[in-house]
>>> print(open('run_7.txt').read())   # compact mmCIF, C-alpha atoms
# COMPACT_ATOMS: atom_id res chain seq x y z
CA MET A 67 14.73 84.83 -55.00
CA LYS A 68 12.82 84.20 -51.78
CA GLN A 69 14.15 81.75 -49.22
CA SER A 70 12.54 78.39 -48.51
CA LYS A 71 10.82 77.90 -45.16
CA LYS A 72 9.83 74.88 -43.14
CA MET A 73 6.17 73.96 -43.30
CA ALA A 74 6.12 73.86 -39.49
CA ASP A 75 7.11 77.55 -39.41
CA THR A 76 3.80 78.44 -41.08
CA VAL A 77 1.58 76.65 -38.55
CA THR A 78 -1.15 78.84 -37.13
CA ILE A 79 -3.56 77.61 -34.44
CA LYS A 80 -6.78 79.28 -33.35
CA SER A 81 -9.30 78.06 -30.78
CA ALA A 82 -12.73 79.36 -29.88
CA GLN A 83 -15.60 78.14 -27.77
CA VAL A 84 -18.95 77.69 -29.53
CA PHE A 85 -21.72 79.75 -27.89
CA PRO A 86 -25.46 79.76 -28.67
CA PRO A 87 -25.32 82.85 -30.95
CA ASP A 88 -22.80 80.94 -33.13
CA THR A 89 -25.21 78.09 -33.80
CA ASN A 90 -28.17 77.21 -35.98
CA TYR A 91 -31.59 75.83 -35.05
CA TYR A 92 -30.01 72.42 -34.34
CA GLY A 93 -27.45 73.75 -31.85
CA THR A 94 -24.49 73.25 -34.18
CA LEU A 95 -22.00 75.82 -35.42
CA PHE A 96 -23.13 77.82 -38.46
CA GLY A 97 -21.19 76.66 -41.52
CA GLY A 98 -20.53 80.27 -42.53
CA LYS A 99 -19.08 81.03 -39.11
CA LEU A 100 -16.68 78.11 -39.45
CA MET A 101 -15.77 79.22 -42.98
CA ALA A 102 -14.86 82.68 -41.63
CA HIS A 103 -12.62 81.07 -38.98
CA ILE A 104 -10.99 78.92 -41.69
CA ASP A 105 -10.26 81.89 -43.96
CA ASP A 106 -8.88 83.88 -41.03
CA VAL A 107 -6.45 81.22 -39.78
CA ALA A 108 -5.39 80.32 -43.34
CA SER A 109 -4.73 83.98 -44.11
CA ILE A 110 -2.46 84.31 -41.08
CA SER A 111 -0.53 81.19 -42.11
CA ALA A 112 -0.08 82.43 -45.70
CA THR A 113 0.96 85.91 -44.62
CA ARG A 114 3.38 84.48 -42.06
CA PHE A 115 4.97 82.47 -44.88
CA ALA A 116 5.05 85.23 -47.52
CA ARG A 117 5.81 88.14 -45.19
CA ASN A 118 3.64 90.15 -47.57
CA PRO A 119 -0.08 90.86 -47.61
CA THR A 120 -2.09 87.98 -49.03
CA VAL A 121 -5.52 87.58 -50.59
CA THR A 122 -7.74 84.52 -50.81
CA ALA A 123 -7.72 83.27 -54.40
CA SER A 124 -9.68 80.06 -53.90
CA THR A 125 -11.34 77.83 -51.38
CA ASP A 126 -11.29 74.31 -52.78
CA SER A 127 -13.95 73.08 -50.40
CA VAL A 128 -14.92 72.91 -46.80
CA ASP A 129 -15.75 69.34 -45.96
CA PHE A 130 -17.92 69.19 -42.85
CA ILE A 131 -17.18 65.78 -41.35
CA ARG A 132 -19.08 66.04 -38.09
CA PRO A 133 -21.23 68.69 -36.40
CA ILE A 134 -19.65 71.08 -33.92
CA LYS A 135 -22.02 71.52 -31.01
CA VAL A 136 -22.74 74.45 -28.75
CA GLY A 137 -20.34 74.26 -25.80
CA ASP A 138 -17.60 72.56 -27.85
CA THR A 139 -14.26 74.18 -28.44
CA VAL A 140 -13.28 74.40 -32.08
CA THR A 141 -9.57 74.42 -32.91
CA LEU A 142 -8.22 75.22 -36.36
CA LYS A 143 -4.69 74.35 -37.43
CA ALA A 144 -3.45 75.85 -40.69
CA MET A 145 -0.18 75.49 -42.58
CA VAL A 146 1.20 76.26 -46.01
CA THR A 147 1.55 72.94 -47.82
CA HIS A 148 2.78 73.97 -51.28
CA THR A 149 3.77 77.07 -53.22
CA GLY A 150 3.75 78.35 -56.76
CA ARG A 151 5.39 81.53 -58.01
CA SER A 152 3.16 83.83 -55.97
CA SER A 153 0.55 81.41 -54.66
CA MET A 154 0.37 79.25 -51.56
CA GLU A 155 -1.84 76.27 -50.83
CA VAL A 156 -2.96 76.26 -47.20
CA PHE A 157 -4.42 73.22 -45.45
CA VAL A 158 -6.76 73.73 -42.47
CA ARG A 159 -7.74 70.95 -40.10
CA VAL A 160 -10.65 71.69 -37.77
CA THR A 161 -11.19 69.70 -34.59
CA SER A 162 -13.94 69.94 -32.03
CA GLU A 163 -13.48 69.10 -28.38
CA ASN A 164 -16.03 68.43 -25.69
CA LEU A 165 -14.31 70.17 -22.80
CA VAL A 166 -16.15 68.09 -20.19
CA THR A 167 -15.32 64.65 -21.59
CA GLY A 168 -12.12 65.58 -23.41
CA GLU A 169 -13.39 63.84 -26.56
CA GLU A 170 -11.77 65.40 -29.63
CA GLU A 171 -12.59 64.66 -33.27
CA VAL A 172 -11.76 66.03 -36.68
CA ALA A 173 -14.81 68.07 -37.65
CA ALA A 174 -13.80 69.60 -40.99
CA ILE A 175 -10.93 69.98 -43.44
CA SER A 176 -10.27 72.58 -46.09
CA PHE A 177 -7.70 73.63 -48.67
CA LEU A 178 -7.39 77.26 -49.73
CA THR A 179 -5.14 79.14 -52.11
CA PHE A 180 -3.69 82.55 -51.30
CA VAL A 181 -1.67 84.95 -53.43
CA ALA A 182 1.00 87.22 -51.99
CA ILE A 183 0.69 90.82 -53.20
CA ASP A 184 2.69 94.02 -53.05
CA GLU A 185 1.50 97.49 -52.01
CA ASN A 186 -0.10 97.94 -55.46
CA GLY A 187 -2.03 94.68 -55.27
CA ARG A 188 0.22 92.91 -57.77
CA PRO A 189 1.37 89.31 -57.18
CA VAL A 190 4.85 88.92 -55.71
CA GLU A 191 7.13 85.92 -55.66
CA VAL A 192 7.12 83.62 -52.64
CA GLY A 193 9.73 81.06 -51.62
CA SER A 194 9.27 77.33 -51.41
CA VAL A 195 7.98 75.35 -48.47
CA VAL A 196 9.89 72.39 -47.05
CA PRO A 197 8.05 69.44 -45.48
CA GLU A 198 9.66 67.49 -42.65
CA SER A 199 7.13 65.16 -41.00
CA GLU A 200 5.27 62.27 -42.64
CA GLU A 201 2.01 64.29 -42.63
CA GLU A 202 3.73 67.33 -44.15
CA THR A 203 5.42 65.20 -46.82
CA TRP A 204 2.09 63.60 -47.79
CA LEU A 205 0.40 67.01 -48.05
CA PHE A 206 3.31 68.36 -50.12
CA GLN A 207 3.49 65.37 -52.48
CA THR A 208 -0.26 65.31 -53.13
CA ALA A 209 -0.50 69.07 -53.77
CA PRO A 210 0.12 68.94 -57.55
CA GLY A 211 -2.97 66.76 -57.99
CA ARG A 212 -5.06 69.24 -56.03
CA ALA A 213 -3.61 72.10 -58.09
CA ALA A 214 -4.56 70.37 -61.35
CA TYR A 215 -8.09 69.81 -60.09
CA ARG A 216 -8.24 73.45 -58.94
CA LYS A 217 -7.26 74.64 -62.43
CA THR A 218 -9.93 72.47 -64.07
CA ARG A 219 -12.53 73.76 -61.61
CA LYS A 220 -11.51 77.38 -62.26
CA ASP A 221 -11.75 76.88 -66.04
CA HIS A 222 -15.24 75.44 -65.54
CA SER A 223 -16.19 78.43 -63.36
CA LYS A 224 -15.04 80.79 -66.13
CA GLU A 225 -17.24 78.89 -68.62
CA LEU A 226 -20.20 79.19 -66.26
CA ALA A 227 -19.58 82.92 -65.77
CA ALA A 228 -19.47 83.44 -69.54
CA PHE A 229 -22.69 81.45 -69.97
CA PHE A 230 -24.56 83.37 -67.28
CA LYS A 231 -23.32 86.67 -68.67
CA LYS A 232 -25.28 85.88 -71.85
CA ILE A 233 -28.61 85.14 -70.15
>>> encode(input="run_7.txt", output="structure tokens")
Amino acid sequence: MKQSKKMADTVTIKSAQVFPPDTNYYGTLFGGKLMAHIDDVASISATRFARNPTVTASTDSVDFIRPIKVGDTVTLKAMVTHTGRSSMEVFVRVTSENLVTGEEEVAAISFLTFVAIDENGRPVEVGSVVPESEEETWLFQTAPGRAAYRKTRKDHSKELAAFFKKI
């Protein structure tokens, strides 16, 4: 059986400055560009935890809370918040910072699910994650509710796929 690891040991941080080619007509970061950053940093966190290759199984949502403007620095902090047999829930908090004023705000949040795989692409067992701080404990304790919602959403997606296969 795999060992348990502290949630803090899975933390991955990535920062990037937002330049004009990264933005839309309104001078704010393209949503798809941010989503790519989120998947990247979450993947590193999951792989760091599993010490096996991982694949993205699900992105619950990306909630854009405030626009990220050209010239801002975007910082993403990811950590594994819960585990199943082979799956890991990863939370990503995105902040934007105006480097001139120092103003920093939460710009987006996201939860993703990754699955650890072996060299043949088959799921492999992962250990458990151990929360220590108040924030980590809250994320850990609320994870089963998110997992239940995720399962309901996946079942609905399967129904939609079956429906659209017929038409």
>>> residues_around(input="run_7.txt", residues="segment 76-92 of chain A", least_positions_apart="3", cutoff="8 Å", atoms="only C-alpha atoms", output="list in words")
Lys72, Met73, Leu95, Phe96, Lys99, Val107, Ala108, Ile110, Ser111, Ala112, Arg114, Phe115, Ile134, Lys135, Val136, Gly137, Asp138, Thr139, Val140, Thr141, Leu142, Lys143, Ala144, Met145 and Val146 of chain A
>>> write_last_selection(input="run_7.txt", atoms="C-alpha atoms", output="PDB file, in the coordinates of the input")
ATOM      1  CA  LYS A  72       9.830  74.880 -43.140  1.00  0.00           C
ATOM      2  CA  MET A  73       6.170  73.960 -43.300  1.00  0.00           C
ATOM      3  CA  LEU A  95     -22.000  75.820 -35.420  1.00  0.00           C
ATOM      4  CA  PHE A  96     -23.130  77.820 -38.460  1.00  0.00           C
ATOM      5  CA  LYS A  99     -19.080  81.030 -39.110  1.00  0.00           C
ATOM      6  CA  VAL A 107      -6.450  81.220 -39.780  1.00  0.00           C
ATOM      7  CA  ALA A 108      -5.390  80.320 -43.340  1.00  0.00           C
ATOM      8  CA  ILE A 110      -2.460  84.310 -41.080  1.00  0.00           C
ATOM      9  CA  SER A 111      -0.530  81.190 -42.110  1.00  0.00           C
ATOM     10  CA  ALA A 112      -0.080  82.430 -45.700  1.00  0.00           C
ATOM     11  CA  ARG A 114       3.380  84.480 -42.060  1.00  0.00           C
ATOM     12  CA  PHE A 115       4.970  82.470 -44.880  1.00  0.00           C
ATOM     13  CA  ILE A 134     -19.650  71.080 -33.920  1.00  0.00           C
ATOM     14  CA  LYS A 135     -22.020  71.520 -31.010  1.00  0.00           C
ATOM     15  CA  VAL A 136     -22.740  74.450 -28.750  1.00  0.00           C
ATOM     16  CA  GLY A 137     -20.340  74.260 -25.800  1.00  0.00           C
ATOM     17  CA  ASP A 138     -17.600  72.560 -27.850  1.00  0.00           C
ATOM     18  CA  THR A 139     -14.260  74.180 -28.440  1.00  0.00           C
ATOM     19  CA  VAL A 140     -13.280  74.400 -32.080  1.00  0.00           C
ATOM     20  CA  THR A 141      -9.570  74.420 -32.910  1.00  0.00           C
ATOM     21  CA  LEU A 142      -8.220  75.220 -36.360  1.00  0.00           C
ATOM     22  CA  LYS A 143      -4.690  74.350 -37.430  1.00  0.00           C
ATOM     23  CA  ALA A 144      -3.450  75.850 -40.690  1.00  0.00           C
ATOM     24  CA  MET A 145      -0.180  75.490 -42.580  1.00  0.00           C
ATOM     25  CA  VAL A 146       1.200  76.260 -46.010  1.00  0.00           C
TER      26      VAL A 146
END
>>> atom_distance(input="run_7.txt", atom1="atom CA of Gln69 of chain A", atom2="atom CA of Gly193 of chain A")
5.1 Å
>>> atom_distance(input="run_7.txt", atom1="atom CA of Val190 of chain A", atom2="atom CA of Met154 of chain A")
11.4 Å
>>> atom_distance(input="run_7.txt", atom1="atom CA of Ser176 of chain A", atom2="atom CA of Val195 of chain A")
18.6 Å
>>> closest_residue(input="run_7.txt", among="A:Ser153, A:Asn186, A:Pro133, A:Lys220", to="Val172 of chain A", atoms="all atoms listed in the file")
A:Pro133
>>> residues_around(input="run_7.txt", residues="segment 117-123 of chain A", least_positions_apart="5", cutoff="7 Å", atoms="all atoms listed in the file", output="number ranges by chain")
A: 109, 112, 179-184
>>> write_last_selection(input="run_7.txt", atoms="C-alpha atoms", output="short mmCIF file (atom, residue, chain, number, x, y, z; two decimals), in the coordinates of the input")
data_model
loop_
_atom_site.label_atom_id
_atom_site.label_comp_id
_atom_site.auth_asym_id
_atom_site.auth_seq_id
_atom_site.Cartn_x
_atom_site.Cartn_y
_atom_site.Cartn_z
CA SER A 109 -4.73 83.98 -44.11
CA ALA A 112 -0.08 82.43 -45.70
CA THR A 179 -5.14 79.14 -52.11
CA PHE A 180 -3.69 82.55 -51.30
CA VAL A 181 -1.67 84.95 -53.43
CA ALA A 182 1.00 87.22 -51.99
CA ILE A 183 0.69 90.82 -53.20
CA ASP A 184 2.69 94.02 -53.05
#
>>> closest_residue(input="run_7.txt", among="A:Thr149, A:Gly98, A:Ser223, A:Ser162", to="Lys71 of chain A", atoms="all atoms listed in the file")
A:Thr149
>>> residues_near_point(input="run_7.txt", point="(-2.1, 66.7, -49.1)", cutoff="12 Å", atoms="all atoms listed in the file", output="ChimeraX atom specification")
/A:145-148,155-159,175-178,197,200-213
>>> write_last_selection(input="run_7.txt", atoms="C-alpha atoms", output="PDB file, in the coordinates of the input")
ATOM      1  CA  MET A 145      -0.180  75.490 -42.580  1.00  0.00           C
ATOM      2  CA  VAL A 146       1.200  76.260 -46.010  1.00  0.00           C
ATOM      3  CA  THR A 147       1.550  72.940 -47.820  1.00  0.00           C
ATOM      4  CA  HIS A 148       2.780  73.970 -51.280  1.00  0.00           C
ATOM      5  CA  GLU A 155      -1.840  76.270 -50.830  1.00  0.00           C
ATOM      6  CA  VAL A 156      -2.960  76.260 -47.200  1.00  0.00           C
ATOM      7  CA  PHE A 157      -4.420  73.220 -45.450  1.00  0.00           C
ATOM      8  CA  VAL A 158      -6.760  73.730 -42.470  1.00  0.00           C
ATOM      9  CA  ARG A 159      -7.740  70.950 -40.100  1.00  0.00           C
ATOM     10  CA  ILE A 175     -10.930  69.980 -43.440  1.00  0.00           C
ATOM     11  CA  SER A 176     -10.270  72.580 -46.090  1.00  0.00           C
ATOM     12  CA  PHE A 177      -7.700  73.630 -48.670  1.00  0.00           C
ATOM     13  CA  LEU A 178      -7.390  77.260 -49.730  1.00  0.00           C
ATOM     14  CA  PRO A 197       8.050  69.440 -45.480  1.00  0.00           C
ATOM     15  CA  GLU A 200       5.270  62.270 -42.640  1.00  0.00           C
ATOM     16  CA  GLU A 201       2.010  64.290 -42.630  1.00  0.00           C
ATOM     17  CA  GLU A 202       3.730  67.330 -44.150  1.00  0.00           C
ATOM     18  CA  THR A 203       5.420  65.200 -46.820  1.00  0.00           C
ATOM     19  CA  TRP A 204       2.090  63.600 -47.790  1.00  0.00           C
ATOM     20  CA  LEU A 205       0.400  67.010 -48.050  1.00  0.00           C
ATOM     21  CA  PHE A 206       3.310  68.360 -50.120  1.00  0.00           C
ATOM     22  CA  GLN A 207       3.490  65.370 -52.480  1.00  0.00           C
ATOM     23  CA  THR A 208      -0.260  65.310 -53.130  1.00  0.00           C
ATOM     24  CA  ALA A 209      -0.500  69.070 -53.770  1.00  0.00           C
ATOM     25  CA  PRO A 210       0.120  68.940 -57.550  1.00  0.00           C
ATOM     26  CA  GLY A 211      -2.970  66.760 -57.990  1.00  0.00           C
ATOM     27  CA  ARG A 212      -5.060  69.240 -56.030  1.00  0.00           C
ATOM     28  CA  ALA A 213      -3.610  72.100 -58.090  1.00  0.00           C
TER      29      ALA A 213
END
>>> decode(input="run_7.txt", residues="segment 179-207 of chain A", atoms="N, CA and C atoms", output="PDB file, in the first residue's frame")
ATOM      1  N   THR A 179      -9.709  16.504 -11.251  1.00  0.00           N
ATOM      2  CA  THR A 179      -9.437  15.147 -10.808  1.00  0.00           C
ATOM      3  C   THR A 179      -8.432  14.528 -11.761  1.00  0.00           C
ATOM      4  N   PHE A 180      -7.407  13.909 -11.185  1.00  0.00           N
ATOM      5  CA  PHE A 180      -6.383  13.205 -11.953  1.00  0.00           C
ATOM      6  C   PHE A 180      -6.369  11.747 -11.549  1.00  0.00           C
ATOM      7  N   VAL A 181      -5.932  10.895 -12.456  1.00  0.00           N
ATOM      8  CA  VAL A 181      -5.776   9.472 -12.181  1.00  0.00           C
ATOM      9  C   VAL A 181      -4.323   9.110 -12.428  1.00  0.00           C
ATOM     10  N   ALA A 182      -3.732   8.405 -11.469  1.00  0.00           N
ATOM     11  CA  ALA A 182      -2.364   7.914 -11.623  1.00  0.00           C
ATOM     12  C   ALA A 182      -2.405   6.657 -12.481  1.00  0.00           C
ATOM     13  N   ILE A 183      -1.453   6.545 -13.411  1.00  0.00           N
ATOM     14  CA  ILE A 183      -1.426   5.395 -14.319  1.00  0.00           C
ATOM     15  C   ILE A 183      -0.035   4.765 -14.352  1.00  0.00           C
ATOM     16  N   ASP A 184      -0.010   3.502 -14.795  1.00  0.00           N
ATOM     17  CA  ASP A 184       1.263   2.815 -14.957  1.00  0.00           C
ATOM     18  C   ASP A 184       1.741   2.964 -16.404  1.00  0.00           C
ATOM     19  N   GLU A 185       2.796   2.249 -16.745  1.00  0.00           N
ATOM     20  CA  GLU A 185       3.386   2.365 -18.087  1.00  0.00           C
ATOM     21  C   GLU A 185       2.466   1.847 -19.187  1.00  0.00           C
ATOM     22  N   ASN A 186       1.416   1.100 -18.812  1.00  0.00           N
ATOM     23  CA  ASN A 186       0.441   0.597 -19.787  1.00  0.00           C
ATOM     24  C   ASN A 186      -0.840   1.420 -19.816  1.00  0.00           C
ATOM     25  N   GLY A 187      -0.834   2.523 -19.073  1.00  0.00           N
ATOM     26  CA  GLY A 187      -2.003   3.394 -19.045  1.00  0.00           C
ATOM     27  C   GLY A 187      -3.114   2.906 -18.131  1.00  0.00           C
ATOM     28  N   ARG A 188      -2.812   1.948 -17.272  1.00  0.00           N
ATOM     29  CA  ARG A 188      -3.818   1.428 -16.342  1.00  0.00           C
ATOM     30  C   ARG A 188      -3.724   2.159 -15.002  1.00  0.00           C
ATOM     31  N   PRO A 189      -4.859   2.400 -14.350  1.00  0.00           N
ATOM     32  CA  PRO A 189      -4.841   3.089 -13.048  1.00  0.00           C
ATOM     33  C   PRO A 189      -4.008   2.325 -12.022  1.00  0.00           C
ATOM     34  N   VAL A 190      -3.282   3.084 -11.204  1.00  0.00           N
ATOM     35  CA  VAL A 190      -2.503   2.502 -10.116  1.00  0.00           C
ATOM     36  C   VAL A 190      -2.914   3.160  -8.805  1.00  0.00           C
ATOM     37  N   GLU A 191      -2.736   2.428  -7.730  1.00  0.00           N
ATOM     38  CA  GLU A 191      -3.120   2.906  -6.413  1.00  0.00           C
ATOM     39  C   GLU A 191      -2.254   4.084  -5.977  1.00  0.00           C
ATOM     40  N   VAL A 192      -2.902   5.042  -5.311  1.00  0.00           N
ATOM     41  CA  VAL A 192      -2.179   6.164  -4.710  1.00  0.00           C
ATOM     42  C   VAL A 192      -2.408   6.120  -3.207  1.00  0.00           C
ATOM     43  N   GLY A 193      -1.561   6.764  -2.462  1.00  0.00           N
ATOM     44  CA  GLY A 193      -1.714   6.828  -1.009  1.00  0.00           C
ATOM     45  C   GLY A 193      -2.767   7.845  -0.612  1.00  0.00           C
ATOM     46  N   SER A 194      -2.818   8.132   0.654  1.00  0.00           N
ATOM     47  CA  SER A 194      -3.769   9.127   1.154  1.00  0.00           C
ATOM     48  C   SER A 194      -3.036  10.439   1.407  1.00  0.00           C
ATOM     49  N   VAL A 195      -3.807  11.499   1.443  1.00  0.00           N
ATOM     50  CA  VAL A 195      -3.258  12.828   1.691  1.00  0.00           C
ATOM     51  C   VAL A 195      -3.683  13.269   3.089  1.00  0.00           C
ATOM     52  N   VAL A 196      -2.776  13.940   3.782  1.00  0.00           N
ATOM     53  CA  VAL A 196      -3.017  14.329   5.165  1.00  0.00           C
ATOM     54  C   VAL A 196      -3.038  15.855   5.284  1.00  0.00           C
ATOM     55  N   PRO A 197      -4.185  16.423   5.668  1.00  0.00           N
ATOM     56  CA  PRO A 197      -4.258  17.875   5.861  1.00  0.00           C
ATOM     57  C   PRO A 197      -3.656  18.271   7.209  1.00  0.00           C
ATOM     58  N   GLU A 198      -3.114  19.488   7.264  1.00  0.00           N
ATOM     59  CA  GLU A 198      -2.571  19.991   8.522  1.00  0.00           C
ATOM     60  C   GLU A 198      -3.156  21.347   8.910  1.00  0.00           C
ATOM     61  N   SER A 199      -3.223  22.278   7.971  1.00  0.00           N
ATOM     62  CA  SER A 199      -3.714  23.620   8.288  1.00  0.00           C
ATOM     63  C   SER A 199      -5.239  23.649   8.280  1.00  0.00           C
ATOM     64  N   GLU A 200      -5.800  24.763   8.735  1.00  0.00           N
ATOM     65  CA  GLU A 200      -7.255  24.940   8.729  1.00  0.00           C
ATOM     66  C   GLU A 200      -7.798  24.903   7.298  1.00  0.00           C
ATOM     67  N   GLU A 201      -7.116  25.582   6.373  1.00  0.00           N
ATOM     68  CA  GLU A 201      -7.542  25.589   4.964  1.00  0.00           C
ATOM     69  C   GLU A 201      -7.496  24.176   4.384  1.00  0.00           C
ATOM     70  N   GLU A 202      -6.413  23.457   4.646  1.00  0.00           N
ATOM     71  CA  GLU A 202      -6.270  22.100   4.130  1.00  0.00           C
ATOM     72  C   GLU A 202      -7.352  21.184   4.705  1.00  0.00           C
ATOM     73  N   THR A 203      -7.626  21.315   5.994  1.00  0.00           N
ATOM     74  CA  THR A 203      -8.645  20.491   6.641  1.00  0.00           C
ATOM     75  C   THR A 203     -10.013  20.762   6.037  1.00  0.00           C
ATOM     76  N   TRP A 204     -10.338  22.022   5.794  1.00  0.00           N
ATOM     77  CA  TRP A 204     -11.632  22.364   5.176  1.00  0.00           C
ATOM     78  C   TRP A 204     -11.732  21.743   3.788  1.00  0.00           C
ATOM     79  N   LEU A 205     -10.682  21.883   2.977  1.00  0.00           N
ATOM     80  CA  LEU A 205     -10.693  21.308   1.631  1.00  0.00           C
ATOM     81  C   LEU A 205     -10.856  19.789   1.688  1.00  0.00           C
ATOM     82  N   PHE A 206     -10.167  19.144   2.618  1.00  0.00           N
ATOM     83  CA  PHE A 206     -10.231  17.692   2.769  1.00  0.00           C
ATOM     84  C   PHE A 206     -11.621  17.244   3.212  1.00  0.00           C
ATOM     85  N   GLN A 207     -12.176  17.925   4.207  1.00  0.00           N
ATOM     86  CA  GLN A 207     -13.479  17.518   4.753  1.00  0.00           C
ATOM     87  C   GLN A 207     -14.628  17.761   3.790  1.00  0.00           C
TER      88      GLN A 207
END
